[in-house]
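Data from query28.cif: mmCIF, C-alpha atoms and all ligand atoms
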data_work
#
loop_
_atom_site.label_atom_id
_atom_site.label_comp_id
_atom_site.auth_asym_id
_atom_site.auth_seq_id
_atom_site.Cartn_x
_atom_site.Cartn_y
_atom_site.Cartn_z
CA MET A 156 -9.37 -33.28 -0.15
CA SER A 157 -9.15 -32.52 -3.88
CA LEU A 158 -5.88 -31.84 -5.61
CA GLU A 159 -6.03 -29.43 -8.51
CA TYR A 160 -2.30 -29.05 -9.10
CA ALA A 161 0.82 -30.64 -7.66
CA ALA A 162 4.53 -30.50 -8.37
CA THR A 163 7.12 -32.41 -6.40
CA ALA A 164 10.77 -33.14 -6.81
CA HIS A 165 11.18 -35.92 -9.38
CA PRO A 166 14.27 -37.75 -10.70
CA THR A 167 13.91 -36.13 -14.13
CA HIS A 168 12.73 -32.76 -12.77
CA PRO A 169 14.82 -32.26 -9.62
CA ARG A 170 12.68 -29.44 -8.32
CA PRO A 171 9.45 -27.57 -9.07
CA GLY A 172 9.95 -25.17 -11.98
CA PRO A 173 8.87 -21.55 -12.57
CA GLN A 174 5.49 -22.59 -13.99
CA ASP A 175 4.82 -24.72 -10.91
CA MET A 176 5.78 -21.84 -8.63
CA ARG A 177 3.45 -19.45 -10.50
CA ALA A 178 0.58 -21.91 -10.57
CA VAL A 179 0.66 -22.73 -6.87
CA LEU A 180 1.89 -19.46 -5.34
CA GLY A 181 -0.78 -17.70 -7.43
CA HIS A 182 -3.26 -19.10 -4.90
CA PHE A 183 -1.85 -16.66 -2.35
CA CYS A 184 -4.08 -13.66 -3.02
CA THR A 185 -2.32 -10.30 -2.62
CA GLY A 186 -2.88 -6.61 -3.04
CA ILE A 187 -0.82 -4.75 -5.63
CA ALA A 188 1.50 -1.76 -5.32
CA VAL A 189 3.39 0.45 -7.73
CA ILE A 190 6.84 1.21 -6.37
CA THR A 191 8.16 4.54 -7.60
CA GLY A 192 11.29 6.65 -7.42
CA HIS A 193 12.63 9.82 -9.03
CA ASP A 194 16.19 10.11 -10.33
CA GLY A 195 16.05 13.90 -10.72
CA GLN A 196 15.35 13.55 -14.44
CA ARG A 197 12.19 11.50 -14.64
CA PRO A 198 9.68 9.51 -12.60
CA LEU A 199 10.25 5.74 -12.41
CA GLY A 200 7.97 2.92 -11.33
CA PHE A 201 7.06 -0.75 -11.55
CA THR A 202 4.14 -2.91 -10.45
CA CYS A 203 4.88 -5.11 -7.45
CA GLN A 204 2.85 -7.67 -5.52
CA SER A 205 5.63 -8.92 -3.23
CA LEU A 206 5.09 -6.18 -0.65
CA THR A 207 5.06 -7.35 2.98
CA SER A 208 4.96 -5.69 6.37
CA VAL A 209 8.12 -6.87 8.16
CA SER A 210 8.63 -4.96 11.43
CA LEU A 211 6.42 -2.56 13.36
CA ASP A 212 9.17 -1.04 15.52
CA PRO A 213 11.34 -0.04 13.79
CA PRO A 214 8.90 0.19 10.85
CA TYR A 215 10.14 -1.99 7.99
CA VAL A 216 8.50 -3.29 4.83
CA SER A 217 9.97 -5.62 2.24
CA PHE A 218 9.44 -6.24 -1.46
CA CYS A 219 11.20 -8.34 -4.10
CA PRO A 220 12.32 -6.77 -7.39
CA SER A 221 13.21 -9.14 -10.19
CA ARG A 222 16.80 -9.21 -11.42
CA SER A 223 15.35 -8.66 -14.89
CA SER A 224 13.70 -5.35 -13.97
CA SER A 225 15.17 -2.46 -15.93
CA THR A 226 13.53 0.12 -13.63
CA TRP A 227 14.61 -1.24 -10.24
CA PRO A 228 18.36 -0.46 -10.58
CA LEU A 229 17.45 3.17 -11.38
CA ILE A 230 15.16 3.47 -8.34
CA ARG A 231 17.65 1.62 -6.15
CA ALA A 232 20.33 4.21 -6.97
CA THR A 233 18.12 6.97 -5.50
CA GLY A 234 17.94 5.17 -2.12
CA ARG A 235 14.24 5.86 -1.53
CA VAL A 236 10.83 4.80 -2.73
CA CYS A 237 7.16 5.63 -2.60
CA ILE A 238 4.99 2.51 -2.37
CA ASN A 239 1.57 3.21 -3.88
CA ILE A 240 -1.04 0.62 -2.89
CA LEU A 241 -3.62 0.37 -5.65
CA ALA A 242 -7.38 0.73 -5.38
CA ASP A 243 -9.84 -1.51 -7.24
CA HIS A 244 -10.35 0.98 -10.10
CA GLN A 245 -6.62 0.96 -10.96
CA ALA A 246 -6.19 -2.32 -12.89
CA ALA A 247 -5.26 -0.43 -16.09
CA LEU A 248 -2.67 1.61 -14.18
CA CYS A 249 -1.32 -1.62 -12.70
CA ALA A 250 -0.90 -3.11 -16.20
CA GLN A 251 0.75 0.09 -17.47
CA PHE A 252 3.41 -0.08 -14.76
CA ALA A 253 3.97 -3.80 -15.39
CA ARG A 254 5.30 -3.22 -18.94
CA SER A 255 8.87 -2.23 -19.71
CA SER A 256 8.46 1.10 -21.48
CA GLU A 257 9.76 4.66 -21.53
CA ASP A 258 6.37 6.26 -20.94
CA LYS A 259 4.94 4.39 -17.96
CA PHE A 260 3.73 7.71 -16.50
CA ALA A 261 1.77 8.75 -19.64
CA GLY A 262 -1.68 9.90 -18.49
CA ILE A 263 -0.86 9.22 -14.83
CA THR A 264 -1.53 11.94 -12.24
CA TRP A 265 1.07 12.15 -9.48
CA SER A 266 2.87 14.61 -7.26
CA PRO A 267 6.16 14.38 -5.36
CA ALA A 268 5.92 12.71 -1.97
CA ALA A 269 7.85 14.21 0.97
CA ASN A 270 10.89 12.11 -0.01
CA GLY A 271 10.67 13.20 -3.67
CA ALA A 272 9.42 9.90 -5.10
CA PRO A 273 6.17 10.05 -7.12
CA ARG A 274 2.97 9.69 -5.10
CA LEU A 275 0.31 8.38 -7.49
CA HIS A 276 -3.12 9.96 -7.01
CA ASP A 277 -6.34 8.15 -5.98
CA THR A 278 -4.57 5.14 -4.46
CA LEU A 279 -5.59 3.20 -1.35
CA ALA A 280 -2.49 3.99 0.69
CA THR A 281 0.97 5.53 0.41
CA ILE A 282 4.18 4.41 2.11
CA GLU A 283 7.43 6.35 1.80
CA ALA A 284 10.58 4.48 2.72
CA GLY A 285 14.37 4.53 2.58
CA LEU A 286 16.22 1.47 1.32
CA GLU A 287 18.08 -0.23 4.15
CA TYR A 288 18.95 -3.89 3.45
CA GLU A 289 19.19 -6.13 0.39
CA HIS A 290 19.45 -9.92 0.24
CA ASP A 291 20.10 -11.99 -2.87
CA ALA A 292 17.26 -14.44 -3.45
CA GLY A 293 17.56 -16.37 -6.69
CA ASP A 294 16.12 -14.46 -9.62
CA HIS A 295 14.81 -11.76 -7.26
CA THR A 296 16.26 -9.54 -4.53
CA ILE A 297 14.66 -9.13 -1.10
CA VAL A 298 14.69 -5.43 -0.26
CA VAL A 299 13.98 -4.20 3.28
CA ALA A 300 13.03 -0.54 3.51
CA HIS A 301 12.65 1.75 6.51
CA VAL A 302 9.25 3.50 6.51
CA THR A 303 9.48 7.27 6.94
CA THR A 304 5.90 8.41 6.21
CA LEU A 305 2.67 6.56 5.55
CA GLY A 306 -1.03 7.16 5.13
CA ALA A 307 -4.25 5.46 4.03
CA HIS A 308 -6.72 7.32 1.84
CA GLY A 309 -9.84 5.10 1.92
CA GLY A 310 -11.34 2.97 -0.84
CA ARG A 311 -11.23 -0.68 -1.81
CA PRO A 312 -8.21 -2.80 -2.76
CA LEU A 313 -7.18 -4.15 -6.15
CA LEU A 314 -6.47 -7.86 -5.64
CA PHE A 315 -4.32 -10.28 -7.66
CA TYR A 316 -5.19 -13.97 -7.64
CA ARG A 317 -4.07 -16.73 -9.99
CA GLY A 318 -2.89 -14.25 -12.63
CA ASP A 319 -6.06 -12.18 -12.67
CA TYR A 320 -7.41 -9.02 -11.03
CA GLY A 321 -10.38 -8.75 -8.72
CA GLY A 322 -11.83 -7.15 -5.61
CA PHE A 323 -13.97 -8.06 -2.62
CA ALA A 324 -17.36 -9.31 -3.83
CA ASP A 325 -18.72 -9.16 -0.32
CA TRP A 326 -17.49 -6.04 1.43
CA ARG A 327 -17.91 -6.68 5.13
CA LEU A 328 -15.01 -4.78 6.64
CA ASP A 329 -16.01 -2.27 9.27
CA PRO A 330 -14.85 1.10 7.82
CA THR A 331 -14.44 2.42 11.36
CA ALA A 332 -12.10 -0.42 12.38
CA GLU A 333 -8.35 0.29 12.56
C1 LIG B 401 0.24 -8.07 -10.59
C2 LIG B 401 1.71 -7.97 -10.85
C3 LIG B 401 2.62 -8.13 -9.82
C4 LIG B 401 4.00 -8.01 -10.03
N1 LIG B 401 4.86 -8.15 -8.98
C5 LIG B 401 6.18 -8.02 -9.18
C6 LIG B 401 7.09 -8.14 -8.09
O1 LIG B 401 6.71 -8.38 -6.94
N2 LIG B 401 8.42 -7.96 -8.35
C7 LIG B 401 8.87 -7.68 -9.61
O2 LIG B 401 10.07 -7.50 -9.79
N3 LIG B 401 8.03 -7.59 -10.66
C8 LIG B 401 6.71 -7.74 -10.46
N4 LIG B 401 5.84 -7.64 -11.51
C9 LIG B 401 6.41 -7.43 -12.86
C10 LIG B 401 6.91 -6.01 -13.05
O3 LIG B 401 5.90 -5.06 -12.83
C11 LIG B 401 7.48 -5.86 -14.46
O4 LIG B 401 8.39 -6.88 -14.71
C12 LIG B 401 8.21 -4.56 -14.61
O5 LIG B 401 7.33 -3.48 -14.48
C13 LIG B 401 8.89 -4.51 -15.95
O6 LIG B 401 9.29 -3.19 -16.20
P1 LIG B 401 10.78 -2.69 -15.97
O7 LIG B 401 11.66 -3.45 -16.89
O8 LIG B 401 10.64 -1.24 -16.29
O9 LIG B 401 11.14 -2.95 -14.54
C14 LIG B 401 4.47 -7.74 -11.32
C15 LIG B 401 3.56 -7.58 -12.38
C16 LIG B 401 2.21 -7.69 -12.15
C17 LIG B 401 1.24 -7.50 -13.29
#
Any chance you could give the structure as structure tokens?
Amino acid sequence: MSLEYAATAHPTHPRPGPQDMRAVLGHFCTGIAVITGHDGQRPLGFTCQSLTSVSLDPPYVSFCPSRSSSTWPLIRATGRVCINILADHQAALCAQFARSSEDKFAGITWSPAANGAPRLHDTLATIEAGLEYEHDAGDHTIVVAHVTTLGAHGGRPLLFYRGDYGGFADWRLDPTAE
């Protein structure tokens, strides 16, 4: 077994640090979502990879906003979100929503979802949800949200792996499978 990277508790470094966490957890390949909300004045959104399916019945998902996010407190105050799962042609959109800026929606096509949060166009799937639980978790918060509406639109996923974007090189999924 080869070992490319390792970090263990050490007398001078009592626990693995942020760089270690990024380096090793980056091996867990994920899809990417943009989580949006609308405060009545303007659309809000941020890129998020920490999306997880939590419960099927009742339907819950979770995601983890950083405590440093300037957008999350504004979305949180609205009590609802639209989770836009990105397709493989949306890497630029992903990067746009990952920067703190006033004009994240510049050039972005969207329409209001049933719950009022922005539904981005041409994504892989859309999940609308109401915020239900929050748990403190270090420099992030674990948010559990109750799914109210969801749908998949077809296409291929944008993937995030070791700090870089990609897709399936070998597409073998049966498009007729559930
Ligand atoms: C691929 C990718 C995944 C990300 N995942 C998360 C995440 O799960 N949680 C989070 O808080 N920030 C995540 N970020 C960072 C946020 O998108 C970024 O900090 C945020 O958009 C900053 O803008 P804000 O200050 O307007 O919130 C991710 C960024 C990228 C590029």
Return as a PyMOL selection string every polymer residue, whether protein, DNA or RNA, with at least one atom no more than 9 Å from an atom of ligand LIG 401 (chain B); count only C-alpha atoms and all ligand atoms.
chain A and resi 185-189+199-206+218-228+246+249-257+259+295-296+314-316+318-320
Taking C-alpha atoms for each residue, export the selection above as an mmCIF file, keeping the file's coordinate frame.
data_model
loop_
_atom_site.group_PDB
_atom_site.id
_atom_site.type_symbol
_atom_site.label_atom_id
_atom_site.label_comp_id
_atom_site.auth_asym_id
_atom_site.auth_seq_id
_atom_site.Cartn_x
_atom_site.Cartn_y
_atom_site.Cartn_z
ATOM 1 C CA THR A 185 -2.320 -10.300 -2.620
ATOM 2 C CA GLY A 186 -2.880 -6.610 -3.040
ATOM 3 C CA ILE A 187 -0.820 -4.750 -5.630
ATOM 4 C CA ALA A 188 1.500 -1.760 -5.320
ATOM 5 C CA VAL A 189 3.390 0.450 -7.730
ATOM 6 C CA LEU A 199 10.250 5.740 -12.410
ATOM 7 C CA GLY A 200 7.970 2.920 -11.330
ATOM 8 C CA PHE A 201 7.060 -0.750 -11.550
ATOM 9 C CA THR A 202 4.140 -2.910 -10.450
ATOM 10 C CA CYS A 203 4.880 -5.110 -7.450
ATOM 11 C CA GLN A 204 2.850 -7.670 -5.520
ATOM 12 C CA SER A 205 5.630 -8.920 -3.230
ATOM 13 C CA LEU A 206 5.090 -6.180 -0.650
ATOM 14 C CA PHE A 218 9.440 -6.240 -1.460
ATOM 15 C CA CYS A 219 11.200 -8.340 -4.100
ATOM 16 C CA PRO A 220 12.320 -6.770 -7.390
ATOM 17 C CA SER A 221 13.210 -9.140 -10.190
ATOM 18 C CA ARG A 222 16.800 -9.210 -11.420
ATOM 19 C CA SER A 223 15.350 -8.660 -14.890
ATOM 20 C CA SER A 224 13.700 -5.350 -13.970
ATOM 21 C CA SER A 225 15.170 -2.460 -15.930
ATOM 22 C CA THR A 226 13.530 0.120 -13.630
ATOM 23 C CA TRP A 227 14.610 -1.240 -10.240
ATOM 24 C CA PRO A 228 18.360 -0.460 -10.580
ATOM 25 C CA ALA A 246 -6.190 -2.320 -12.890
ATOM 26 C CA CYS A 249 -1.320 -1.620 -12.700
ATOM 27 C CA ALA A 250 -0.900 -3.110 -16.200
ATOM 28 C CA GLN A 251 0.750 0.090 -17.470
ATOM 29 C CA PHE A 252 3.410 -0.080 -14.760
ATOM 30 C CA ALA A 253 3.970 -3.800 -15.390
ATOM 31 C CA ARG A 254 5.300 -3.220 -18.940
ATOM 32 C CA SER A 255 8.870 -2.230 -19.710
ATOM 33 C CA SER A 256 8.460 1.100 -21.480
ATOM 34 C CA GLU A 257 9.760 4.660 -21.530
ATOM 35 C CA LYS A 259 4.940 4.390 -17.960
ATOM 36 C CA HIS A 295 14.810 -11.760 -7.260
ATOM 37 C CA THR A 296 16.260 -9.540 -4.530
ATOM 38 C CA LEU A 314 -6.470 -7.860 -5.640
ATOM 39 C CA PHE A 315 -4.320 -10.280 -7.660
ATOM 40 C CA TYR A 316 -5.190 -13.970 -7.640
ATOM 41 C CA GLY A 318 -2.890 -14.250 -12.630
ATOM 42 C CA ASP A 319 -6.060 -12.180 -12.670
ATOM 43 C CA TYR A 320 -7.410 -9.020 -11.030
#
Pull the neighbourhood of (4.9, 8.1, -8.0) for me: all residues within 7 Å in file coordinates, counting all atoms listed in the file, as a PyMOL selection string.
chain A and resi 191-192+198+200+237+265-267+272-275
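Using all atoms listed in the file for every distance, the candidate list A:Arg170, A:Arg311, A:His244, A:His182 yields A:Arg311 as the residue closest to Ala280 (chain A).
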